[in-house]
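This report refers to the structure that appears directly beneath it.
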Amino acid sequence: MGIFGKIGAGLKKTRDSILNSVNSMLHSFTRIDEELFEELEEILIMADTGASTAAHICDRVRAKVKERGETDPAKIKGLLAETAAELLRGGQELSLNTCPAVILVIGVNGVGKTTTIGKLAARFRAEGKKVILGAADTFRAAAIEQLEVWADRAGVDLVRHSEGSDPAAVVFDTLAAARARRADIVICDTAGRLHNKKNLMEELAKISRVIERELPGADKEVLLVLDATTGQNAVNQAREFKNAAGITGIVLTKLDGTARGGVVLAIREELDVPVKFVGVGEGVDDLMPFDPEAFAGGLFAEEEPA
């Protein structure tokens with residue numbers, strides 16, 4: 001199954017929810033009018049796009065209808081897919097051109113952060129990259145142990161200290177190992193909490209200083225892992241972390257487990273942060289690079305793509 005098919009299958013709950021509502025709504029209209037757009041906006045809000053994003057999407061679709069002289073309500077679904085892809089396009093690619101390059105991964109406990117790191121490591125290793133993991137979320141011993149399991153599973157090296165160690169010290173040792181072993185990519189599990197933004201900012205700033213000192217000029221991505229099933233709460237988390245940590249991208253997990261996948265649109269539109277990976281299943285290969293066209297098609301297609 002290709003990217004389009006996997007994302008389409010992973011979006012089944014969201015697609016079924018939206019399409020059932022959209023189809024039911026469209027069957028009650030014989031022409032495209034303002035009442036149709038009011039109902040469409042409500043449907044999008046229920047899919048967790050958020051009110052402002054839903055209004056913006058409807059404005060864009062309304063403009064396309066006027067520009068193209070559309071009158072058939074059946075055309076709305078195609079215009080929705082086209083508009084969604086336009087809103088989401090841009091910034092999906094990881095910037096990892098230096099050797100080594102660094103990925104810092106953050107996110108609250110329970111969103112699938114450690115699993116995401118393991119799946120990323122397995123993906124890069126399958127591409128022939130040499131990967132080293134750093135267990136710099138030292139707040140919980142369980143996080144370190146879980147990352148060790150994933151490192152073994154992915155066949156990559158892990159640098160770890162004991163629980164309660166200085167996260168920046170773990171990153172320092174991980175970077176030293178990366179240089180010595182000529183690694184391509186360093187992935188560091190970092191802050192798993194947001195109860196104190198000042199501490200979070202100080203911790204990440206210290207880690208960033210270590211990276212800049214030890215690997216000057218290295219490419220660095222800061223990826224925030226969010227649980228799609230939490231809907232608008234995921235948007236709120238992203239807003240808080242963006243303010244505290246300067247994130248460069250989002251990894252959205254458990255997209256296959258929610259009927260409210262419109263949160264992808266809300267994150268991009270409200271926060272201007274690109275979604276770079278999505279989780280659409282439990283398998284190691286079900287963490288996929290985000291494709292705006294595949295997402296839009298998977299969300300508004302009548303049938304699961306092959």
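Quick note on naming: the chains in the structure tokens go A, B, ... in the order shown, residues restart at 1 in each chain, and ligands are numbered from 1 in order of appearance.
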Per residue of region 6-102 of chain A within 9 Å of region 272-288 of chain A, record the nearest atom pair and its distance in Å to one decimal, counting only C-alpha atoms, with rows in chain order and ascending residue number, as a Markdown table.
```
| residue | atom | partner | partner_atom | distance |
| --- | --- | --- | --- | --- |
| A:Lys6 | CA | A:Val280 | CA | 7.2 |
| A:Ile7 | CA | A:Val280 | CA | 6.5 |
| A:Ala9 | CA | A:Val280 | CA | 7.9 |
| A:Gly10 | CA | A:Val280 | CA | 4.7 |
| A:Leu11 | CA | A:Val280 | CA | 7.6 |
| A:Leu88 | CA | A:Pro274 | CA | 7.3 |
| A:Arg89 | CA | A:Pro274 | CA | 8.3 |
| A:Gly90 | CA | A:Pro274 | CA | 7.2 |
| A:Gly91 | CA | A:Pro274 | CA | 5.7 |
| A:Gln92 | CA | A:Lys276 | CA | 4.8 |
| A:Glu93 | CA | A:Lys276 | CA | 6.7 |
| A:Leu94 | CA | A:Lys276 | CA | 7.4 |
```
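Proximity to region 189-191 of chain A at 9 Å, evaluated using only C-alpha atoms and with sequence-adjacent residues fewer than 5 positions away removed, yields Ile103, Leu104, Val105, Ile106, Gly107, Val108, Lys113, Thr114, Ile117, Leu133, Gly134, Ala135, Ala136, Asp137, Thr138, Phe139, Ala143, Ile144, Leu147, Pro167, Leu200, Glu203 and Leu204 of chain A.
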Item to check | In region 29-269 of chain A, DSSP strand (DSSP E) residues written as a VMD selection string | outcome: chain A and resid 101 to 106 131 to 135 157 to 159 185 to 189 220 to 227 249 to 253
Item to check | Residues flagged alpha helix (DSSP H) by DSSP in region 34-235 of chain A, as a ChimeraX atom specification | outcome: /A:34-46,51-68,76-88,113-126,141-154,167-180,197-214,232-235
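Every protein, DNA or RNA residue with an atom at most 10 Å from Leu19 (chain A), where only C-alpha atoms count and chain neighbours fewer than 4 positions away do not, is listed here: Thr14, Arg15, Asn23, Ser24, Met25, Ile43, Lys77, Leu299, Phe300, Ala301 and Glu302 of chain A.
Summary of the local environment: counting only C-alpha atoms, residues at most 9 Å from Pro100 (chain A), other than itself and those fewer than 4 positions away along its chain, are Leu96, Leu175, Ala178, Arg179, Arg182, Ala183, Asp184, Ile185, Val186, Leu215, Ala218 and Asp219 of chain A.
Computed from the coordinates, the CA of Leu120 (chain A) to CA of Pro289 (chain A) distance equals 10.1 Å.
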Next on the checklist: Using only C-alpha atoms for the distances, tell me which of A:Asp157, A:Asp48, A:Glu163, A:Glu39 is nearest to Ala177 (chain A).
Outcome noted: A:Asp157
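One distance worth recording is that between CA of Val235 (chain A) and CA of Gly249 (chain A), which is 12.9 Å.
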Which residues of region 240-278 of chain A have any atom within 10 Å of an atom in region 54-72 of chain A when counting only C-alpha atoms, and what is the closest pair of atoms for each, with the distance in Å to one decimal? Order the rows by chain and rising number and write it as a Markdown table.
```
| residue | atom | partner | partner_atom | distance |
| --- | --- | --- | --- | --- |
| A:Gly262 | CA | A:Ala54 | CA | 9.3 |
| A:Leu265 | CA | A:Ala54 | CA | 8.9 |
| A:Ala266 | CA | A:Ala54 | CA | 8.4 |
| A:Glu269 | CA | A:His56 | CA | 8.8 |
```
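Distance annotation: of A:Thr174, A:Thr229, A:Asn109, A:Thr253, the residue with the minimal separation from Glu214 (chain A) is A:Thr174; atom set is only C-alpha atoms.
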Item to check | Selected residue, from A:Leu224, A:Ala205, A:Ala169, A:Ala121, that lies nearest to Glu148 (chain A) when counting only C-alpha atoms | outcome: A:Ala121
Please provide as an mmCIF file with all heavy atoms, in the first residue's frame all residues within 10 Å of Ala122 (chain A), with the sequence filter that same-chain residues fewer than 2 positions apart are discarded (counting only C-alpha atoms).
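Once everything was written out, this is part08.cif:
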```cif
data_model
loop_
_atom_site.group_PDB
_atom_site.id
_atom_site.type_symbol
_atom_site.label_atom_id
_atom_site.label_comp_id
_atom_site.auth_asym_id
_atom_site.auth_seq_id
_atom_site.Cartn_x
_atom_site.Cartn_y
_atom_site.Cartn_z
ATOM 1 N N THR A 116 7.669 7.146 18.693
ATOM 2 C CA THR A 116 7.964 7.934 17.495
ATOM 3 C C THR A 116 9.462 7.979 17.222
ATOM 4 O O THR A 116 9.905 7.814 16.078
ATOM 5 C CB THR A 116 7.411 9.367 17.657
ATOM 6 O OG1 THR A 116 5.988 9.320 17.701
ATOM 7 C CG2 THR A 116 7.853 10.269 16.508
ATOM 8 N N ILE A 117 10.257 8.181 18.261
ATOM 9 C CA ILE A 117 11.715 8.215 18.090
ATOM 10 C C ILE A 117 12.214 6.880 17.558
ATOM 11 O O ILE A 117 13.046 6.825 16.638
ATOM 12 C CB ILE A 117 12.400 8.567 19.425
ATOM 13 C CG1 ILE A 117 12.072 10.005 19.819
ATOM 14 C CG2 ILE A 117 13.913 8.378 19.328
ATOM 15 C CD1 ILE A 117 12.470 10.363 21.233
ATOM 16 N N GLY A 118 11.697 5.786 18.126
ATOM 17 C CA GLY A 118 12.097 4.465 17.650
ATOM 18 C C GLY A 118 11.743 4.243 16.197
ATOM 19 O O GLY A 118 12.546 3.691 15.422
ATOM 20 N N LYS A 119 10.552 4.688 15.796
ATOM 21 C CA LYS A 119 10.124 4.514 14.406
ATOM 22 C C LYS A 119 10.943 5.397 13.461
ATOM 23 O O LYS A 119 11.266 4.989 12.338
ATOM 24 C CB LYS A 119 8.632 4.812 14.278
ATOM 25 C CG LYS A 119 7.740 3.770 14.941
ATOM 26 C CD LYS A 119 6.266 4.097 14.769
ATOM 27 C CE LYS A 119 5.383 3.012 15.368
ATOM 28 N NZ LYS A 119 3.950 3.278 15.189
ATOM 29 N N LEU A 120 11.268 6.609 13.912
ATOM 30 C CA LEU A 120 12.132 7.473 13.096
ATOM 31 C C LEU A 120 13.505 6.838 12.911
ATOM 32 O O LEU A 120 14.061 6.829 11.808
ATOM 33 C CB LEU A 120 12.289 8.845 13.763
ATOM 34 C CG LEU A 120 11.135 9.836 13.637
ATOM 35 C CD1 LEU A 120 11.398 11.063 14.502
ATOM 36 C CD2 LEU A 120 10.911 10.246 12.185
ATOM 37 N N PHE A 124 15.231 5.854 9.315
ATOM 38 C CA PHE A 124 16.518 6.366 8.836
ATOM 39 C C PHE A 124 17.515 5.229 8.619
ATOM 40 O O PHE A 124 18.294 5.252 7.664
ATOM 41 C CB PHE A 124 17.087 7.383 9.826
ATOM 42 C CG PHE A 124 16.322 8.674 9.884
ATOM 43 C CD1 PHE A 124 15.932 9.226 11.096
ATOM 44 C CD2 PHE A 124 15.982 9.348 8.721
ATOM 45 C CE1 PHE A 124 15.229 10.417 11.146
ATOM 46 C CE2 PHE A 124 15.277 10.546 8.754
ATOM 47 C CZ PHE A 124 14.892 11.081 9.976
ATOM 48 N N ARG A 125 17.504 4.245 9.513
ATOM 49 C CA ARG A 125 18.421 3.120 9.354
ATOM 50 C C ARG A 125 18.098 2.344 8.077
ATOM 51 O O ARG A 125 19.005 1.895 7.358
ATOM 52 C CB ARG A 125 18.351 2.197 10.565
ATOM 53 C CG ARG A 125 19.432 1.118 10.542
ATOM 54 C CD ARG A 125 19.495 0.356 11.855
ATOM 55 N NE ARG A 125 20.605 -0.598 11.841
ATOM 56 C CZ ARG A 125 20.538 -1.825 11.332
ATOM 57 N NH1 ARG A 125 19.412 -2.255 10.780
ATOM 58 N NH2 ARG A 125 21.587 -2.624 11.369
ATOM 59 N N ALA A 126 16.797 2.202 7.780
ATOM 60 C CA ALA A 126 16.397 1.510 6.552
ATOM 61 C C ALA A 126 16.864 2.267 5.311
ATOM 62 O O ALA A 126 17.029 1.679 4.242
ATOM 63 C CB ALA A 126 14.881 1.326 6.528
ATOM 64 N N GLU A 127 17.069 3.576 5.459
ATOM 65 C CA GLU A 127 17.568 4.396 4.352
ATOM 66 C C GLU A 127 19.094 4.359 4.266
ATOM 67 O O GLU A 127 19.685 5.046 3.434
ATOM 68 C CB GLU A 127 17.099 5.845 4.536
ATOM 69 C CG GLU A 127 15.594 6.026 4.398
ATOM 70 C CD GLU A 127 15.146 7.437 4.758
ATOM 71 O OE1 GLU A 127 16.008 8.254 5.182
ATOM 72 O OE2 GLU A 127 13.939 7.723 4.637
ATOM 73 N N GLY A 128 19.716 3.562 5.154
ATOM 74 C CA GLY A 128 21.169 3.441 5.123
ATOM 75 C C GLY A 128 21.905 4.437 5.987
ATOM 76 O O GLY A 128 23.135 4.557 5.907
ATOM 77 N N LYS A 129 21.175 5.157 6.845
ATOM 78 C CA LYS A 129 21.804 6.143 7.711
ATOM 79 C C LYS A 129 22.288 5.488 9.003
ATOM 80 O O LYS A 129 21.667 4.552 9.510
ATOM 81 C CB LYS A 129 20.796 7.245 8.081
ATOM 82 C CG LYS A 129 20.114 7.917 6.901
ATOM 83 C CD LYS A 129 21.042 8.869 6.188
ATOM 84 C CE LYS A 129 20.266 9.702 5.160
ATOM 85 N NZ LYS A 129 21.159 10.576 4.388
ATOM 86 N N VAL A 131 22.499 5.964 12.847
ATOM 87 C CA VAL A 131 21.706 6.751 13.795
ATOM 88 C C VAL A 131 22.165 6.472 15.224
ATOM 89 O O VAL A 131 22.449 5.322 15.583
ATOM 90 C CB VAL A 131 20.204 6.411 13.671
ATOM 91 C CG1 VAL A 131 19.373 7.245 14.644
ATOM 92 C CG2 VAL A 131 19.730 6.614 12.229
ATOM 93 N N TRP A 150 13.559 0.351 22.130
ATOM 94 C CA TRP A 150 13.393 0.779 20.739
ATOM 95 C C TRP A 150 14.738 0.834 20.002
ATOM 96 O O TRP A 150 14.817 0.521 18.810
ATOM 97 C CB TRP A 150 12.688 2.123 20.675
ATOM 98 C CG TRP A 150 11.206 1.983 20.555
ATOM 99 C CD1 TRP A 150 10.264 2.211 21.513
ATOM 100 C CD2 TRP A 150 10.488 1.556 19.399
ATOM 101 N NE1 TRP A 150 9.007 1.957 21.037
ATOM 102 C CE2 TRP A 150 9.114 1.554 19.736
ATOM 103 C CE3 TRP A 150 10.858 1.171 18.109
ATOM 104 C CZ2 TRP A 150 8.114 1.184 18.827
ATOM 105 C CZ3 TRP A 150 9.871 0.803 17.208
ATOM 106 C CH2 TRP A 150 8.522 0.814 17.564
ATOM 107 N N ALA A 151 15.787 1.240 20.702
ATOM 108 C CA ALA A 151 17.111 1.271 20.077
ATOM 109 C C ALA A 151 17.523 -0.134 19.655
ATOM 110 O O ALA A 151 18.040 -0.338 18.540
ATOM 111 C CB ALA A 151 18.135 1.869 21.040
ATOM 112 N N ARG A 153 15.484 -2.625 19.009
ATOM 113 C CA ARG A 153 14.571 -3.048 17.950
ATOM 114 C C ARG A 153 14.978 -2.450 16.605
ATOM 115 O O ARG A 153 14.903 -3.117 15.566
ATOM 116 C CB ARG A 153 13.142 -2.631 18.316
ATOM 117 C CG ARG A 153 12.055 -3.217 17.446
ATOM 118 C CD ARG A 153 10.685 -2.789 17.947
ATOM 119 N NE ARG A 153 10.425 -3.255 19.316
ATOM 120 C CZ ARG A 153 9.379 -2.889 20.040
ATOM 121 N NH1 ARG A 153 8.499 -2.031 19.551
ATOM 122 N NH2 ARG A 153 9.213 -3.365 21.248
ATOM 123 N N ALA A 154 15.396 -1.186 16.634
ATOM 124 C CA ALA A 154 15.767 -0.503 15.386
ATOM 125 C C ALA A 154 17.208 -0.796 14.976
ATOM 126 O O ALA A 154 17.614 -0.467 13.865
ATOM 127 C CB ALA A 154 15.568 1.006 15.546
ATOM 128 N N GLY A 155 17.970 -1.401 15.877
ATOM 129 C CA GLY A 155 19.357 -1.711 15.555
ATOM 130 C C GLY A 155 20.255 -0.498 15.522
ATOM 131 O O GLY A 155 21.156 -0.396 14.678
ATOM 132 N N VAL A 156 20.032 0.446 16.467
ATOM 133 C CA VAL A 156 20.850 1.661 16.514
ATOM 134 C C VAL A 156 21.463 1.807 17.908
ATOM 135 O O VAL A 156 21.006 1.186 18.871
ATOM 136 C CB VAL A 156 20.026 2.917 16.164
ATOM 137 C CG1 VAL A 156 19.418 2.789 14.775
ATOM 138 C CG2 VAL A 156 18.932 3.171 17.197
ATOM 139 N N VAL A 284 5.870 -0.430 12.651
ATOM 140 C CA VAL A 284 7.051 0.420 12.619
ATOM 141 C C VAL A 284 7.088 1.286 11.365
ATOM 142 O O VAL A 284 7.681 2.373 11.359
ATOM 143 C CB VAL A 284 8.335 -0.441 12.731
ATOM 144 C CG1 VAL A 284 8.558 -1.243 11.455
ATOM 145 C CG2 VAL A 284 9.551 0.414 13.063
ATOM 146 N N ASP A 285 6.439 0.822 10.287
ATOM 147 C CA ASP A 285 6.419 1.597 9.044
ATOM 148 C C ASP A 285 5.144 2.424 8.897
ATOM 149 O O ASP A 285 4.856 2.942 7.817
ATOM 150 C CB ASP A 285 6.594 0.678 7.834
ATOM 151 C CG ASP A 285 5.499 -0.371 7.729
ATOM 152 O OD1 ASP A 285 4.770 -0.575 8.727
ATOM 153 O OD2 ASP A 285 5.360 -0.979 6.655
#
```
